[in-house]
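Trainee: I'd like to ask some things about the structure below.
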Amino acid sequence: MRLRPFELIEPDSVAEAVDAFAQAGDGARVVSGGTALVPMIRLGLLRPDPLITLHRVPGLADVRADEGTLYLGAMVSMADLARSPIVRSRWRLLAEAAGRVATPAIRSSATVGGNLAYAEAASDVAPALLCLEASIETAGPGGDRSVPITSFFTGFYETALEPGAIVKAVRVPASPDSAAAGYVKFCPRSAEDKPLIGVAALVDLDRGRCRDVRIALGGAAPTPIRASRAEVSLRGETLSDGALQAAADAAAAEADPLSDLMGSAQYRREMVRVWTRRLLTALRDGRRA
């Protein structure tokens with residue numbers, strides 16, 4: 001299906017992009033990788049006019065580490081994120097999750113900023129960023145803001161982006177070197193599909209006891225979420241099989257999944273239980289899930 005005609009605006013700076021977005025009105029959309037937006041345009045679900053592309057804005061594809069904090073420009077692709085030596089050195093959880101996104105072709109186009117702004121509940125990278133306690137840098141008519149990712153997703157395909165604002169960058173603090181982390185996804189139809197359930201976790205042990213733990217879920221609620229009650233149940237505890245099962249039960253209980261063609265809410269909740277337990281057990285035992 002061919003795209004209907006639309007005006008394309010190609011700003012040369014973040015300020016120009018924000019100004020163009022503010023002046024364009026309600027019909028405008030910002031495009032980065034286009035992996036979610038373009039199919040919706042083709043299907044006639046959206047008719048943006050104008051379309052504002054960020055491809056010419058310098059610096060938005062930067063990946064760098066500054067004083068222990070990872071800086072990702074909004075236009076960094078999932079493929080670049082997965083194979084970046086900087087990311088793989090101290091933020092392997094994020095590289096692992098980015099490498100599980102869809103297909104190689106989609107990973108080469110899909111961007112970090114676009115993924116976050118789209119607010120897909122079953123995102124692969126959002127649970128990893130939640131575990132890593134990232135912050136989202138935005139630019140809008142009211143100026144620049146830094147939003148903790150725990151506050152960024154506000155509802156089903158909704159974010160804390162202000163009207164006329166765009167995602168500019170993501171900042172990710174380093175995790176303790178002693179921590180083990182991993183990401184698993186369950187796709188009942190195809191390994192390249194979006195996850196029915198995705199689970200990211202980071203576990204830091206001190207002489208067998210859990211010093212810190214972070215667990216985040218994708219596809220388990222209208223937004224990606226941290227499983228805070230499951231985390232509380234493990235902190236300070238020895239990671240016995242019983243403790244891990246109790247944490248998995250807590251994660252399933254605090255999930256609020258939706259039913260769709262991929263699976264019912266009850267089935268998703270059970271998969272949260274199963275895959276949370278599997279991932280935590282693997283991290284405890286020092287192996288891949």
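In the structure tokens, chains take the letters A, B, ... in the order shown, each chain's residues start at 1, and ligands count up from 1 in the order shown.
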Return as a PyMOL selection string the full set of residues in range 46-235 of chain A whose backbone-based DSSP assignment is helix (DSSP H, G or I).
Mentor: chain A and resi 78-83+85-90+92-98+104-109+112-118+125-131+149-152+228-234
Trainee: Might you pull out every residue within 10 Å of range 39-50 of chain A, with only C-alpha atoms counted and same-chain residues fewer than 5 positions away left off, and present them as an MDAnalysis selection string?
Mentor: chainID A and resid 1:9 20:21 24:30 34
Trainee: Which residue out of A:Glu270, A:Gly208, A:Ala265, A:Tyr157 has the minimum interatomic distance to Ala248 in chain A when only C-alpha atoms are used?
Mentor: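 Checking each candidate against Ala248 in chain A, we get A:Glu270 as the closest.
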Trainee: Write out, as a Markdown table, each residue of range 53-91 of chain A that has an atom at most 10 Å from range 107-130 of chain A, together with the closest pair of atoms and their distance in Å to one decimal, counting only C-alpha atoms, rows going by chain and rising number.
Mentor:
```
| residue | atom | partner | partner_atom | distance |
| --- | --- | --- | --- | --- |
| A:Leu60 | CA | A:Gly113 | CA | 9.3 |
| A:Ala61 | CA | A:Thr111 | CA | 9.1 |
| A:Leu72 | CA | A:Val112 | CA | 7.9 |
| A:Gly73 | CA | A:Gly113 | CA | 7.6 |
| A:Ala74 | CA | A:Gly113 | CA | 4.1 |
| A:Met75 | CA | A:Thr111 | CA | 5.3 |
| A:Val76 | CA | A:Thr111 | CA | 5.4 |
| A:Ser77 | CA | A:Thr111 | CA | 4.2 |
| A:Met78 | CA | A:Arg107 | CA | 4.8 |
| A:Ala79 | CA | A:Arg107 | CA | 4.9 |
| A:Asp80 | CA | A:Ser108 | CA | 7.5 |
| A:Leu81 | CA | A:Val112 | CA | 8.4 |
| A:Ala82 | CA | A:Arg107 | CA | 8.9 |
| A:Trp91 | CA | A:Ala128 | CA | 9.5 |
```
Trainee: Could you save the residues just selected, with C-alpha atoms, as a JSON list (two decimals), in the first residue's frame?
Mentor:
```json
[["chain", "number", "residue", "atom", "x", "y", "z"],
["A", 60, "LEU", "CA", 21.24, 12.31, 18.15],
["A", 61, "ALA", "CA", 23.03, 9.09, 17.15],
["A", 72, "LEU", "CA", 22.39, 7.52, 24.16],
["A", 73, "GLY", "CA", 21.07, 9.93, 21.57],
["A", 74, "ALA", "CA", 17.46, 9.37, 20.62],
["A", 75, "MET", "CA", 18.40, 8.26, 17.09],
["A", 76, "VAL", "CA", 20.68, 5.40, 18.21],
["A", 77, "SER", "CA", 19.39, 2.27, 16.48],
["A", 78, "MET", "CA", 18.73, -1.00, 18.27],
["A", 79, "ALA", "CA", 21.41, -2.64, 16.14],
["A", 80, "ASP", "CA", 24.03, -0.07, 17.15],
["A", 81, "LEU", "CA", 22.93, -0.38, 20.77],
["A", 82, "ALA", "CA", 23.28, -4.16, 20.71],
["A", 91, "TRP", "CA", 25.52, -2.14, 30.27]]
```
Trainee: Rounded to one decimal, what separation in Å do you get between CA of Ala243 in chain A and CA of Arg100 in chain A?
Mentor: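 Atom-to-atom, CA of Ala243 in chain A and CA of Arg100 in chain A are spaced 28.4 Å apart.
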Trainee: Given the choices A:Ser151, A:Tyr71, A:Ala180, A:Gly143, which gets closest to Pro163 in chain A if the distance is worked out from only C-alpha atoms?
Mentor: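 Looking at the shortest contact to Pro163 in chain A, the residue is A:Gly143.
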Trainee: Calculated over only C-alpha atoms, which of the candidates A:Ser89, A:Leu70, A:Lys168, A:Ile106 has the smallest distance to Gly33 in chain A?
Mentor: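 Smallest separation from Gly33 in chain A among the options: A:Ile106.
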Trainee: Go through A:Ser259, A:Thr154, A:Thr281, A:Ser175 one by one, measure the shortest atom-to-atom distance of each to Val87 in chain A using only C-alpha atoms, and give the residue with the smallest value.
Mentor: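 Among A:Ser259, A:Thr154, A:Thr281, A:Ser175, it is A:Ser175 that comes nearest to Val87 in chain A.
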Trainee: Using the chain letters and numbers from this document, which residues of range 96-277 of chain A does DSSP assign to strand (DSSP E), as a ChimeraX atom specification?
Mentor: /A:135-140,143-148,153-155,158-159,166-173,180-186,197-206,209-218,225-226
Trainee: I'd like the contact shell of range 11-14 of chain A - 9 Å cut-off, only C-alpha atoms, skipping same-chain residues fewer than 6 positions apart - returned as a list in words.
Mentor: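 Using only C-alpha atoms, the neighbours found are Ala20, Ile52, Thr53, Leu54, His55, Arg56, Val57, Pro58, Leu60, Ala139, Ile166 and Lys168 of chain A.
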Trainee: Atoms to include: C-alpha atoms. Write the selected residues as a short mmCIF file (atom, residue, chain, number, x, y, z; two decimals), in the first residue's frame.
Mentor:
```
data_model
loop_
_atom_site.label_atom_id
_atom_site.label_comp_id
_atom_site.auth_asym_id
_atom_site.auth_seq_id
_atom_site.Cartn_x
_atom_site.Cartn_y
_atom_site.Cartn_z
CA ALA A 20 8.47 22.87 13.78
CA ILE A 52 9.03 15.83 11.05
CA THR A 53 12.15 13.67 10.67
CA LEU A 54 15.11 13.81 13.06
CA HIS A 55 17.65 12.22 10.71
CA ARG A 56 19.52 15.47 10.00
CA VAL A 57 19.87 16.56 13.63
CA PRO A 58 23.53 16.17 14.64
CA LEU A 60 21.24 12.31 18.15
CA ALA A 139 13.14 18.92 24.65
CA ILE A 166 10.43 15.13 21.72
CA LYS A 168 16.32 13.87 22.89
#
```
Trainee: Given the choices A:Asp285, A:Phe156, A:Val184, A:Val31, which gets closest to Asp241 in chain A if the distance is worked out from only C-alpha atoms?
Mentor: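 Distance minimum relative to Asp241 in chain A lands on A:Asp285.
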Trainee: For Leu258 in chain A, work out the shell of residues within 12 Å, counting only C-alpha atoms and skipping chain neighbours fewer than 3 positions away, then give it as a list of chain:residue names.
Mentor: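 The residues that qualify are A:Ala121, A:Ala122, A:Phe156, A:Leu196, A:Ile197, A:Gly218, A:Gly219, A:Ala220, A:Ala221, A:Pro222, A:Thr223, A:Ala255, A:Leu261, A:Met262, A:Gly263, A:Ser264, A:Ala265, A:Gln266, A:Tyr267, A:Arg268, A:Arg269.
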Trainee: Give me the residues near Ser233 in chain A as a list in words, where near means some atom within 12 Å (using only C-alpha atoms) and where sequence neighbours in that chain fewer than 6 positions away do not count.
Mentor: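 The contact residues come out as Cys210, Arg211, Asp212, Val213, Arg214, Ile215, Ala227, Leu239, Gly242, Ala243, Leu244, Gln245, Ala246, Ala247, Ala248, Asp249, Ala250 and Ala251 of chain A.
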Trainee: Just the residues within 6 Å of range 172-174 of chain A, please, counting only C-alpha atoms, with nothing from its chain fewer than 5 positions along; format it as a list in words.
Mentor: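 Those residues are Gly68, Thr69, Leu70 and Ala134 of chain A.
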Trainee: Can you tell me how far CA of Val170 in chain A sits from CA of Val147 in chain A, in Å to one decimal?
Mentor: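 Separating CA of Val170 in chain A from CA of Val147 in chain A is a distance of 9.5 Å.
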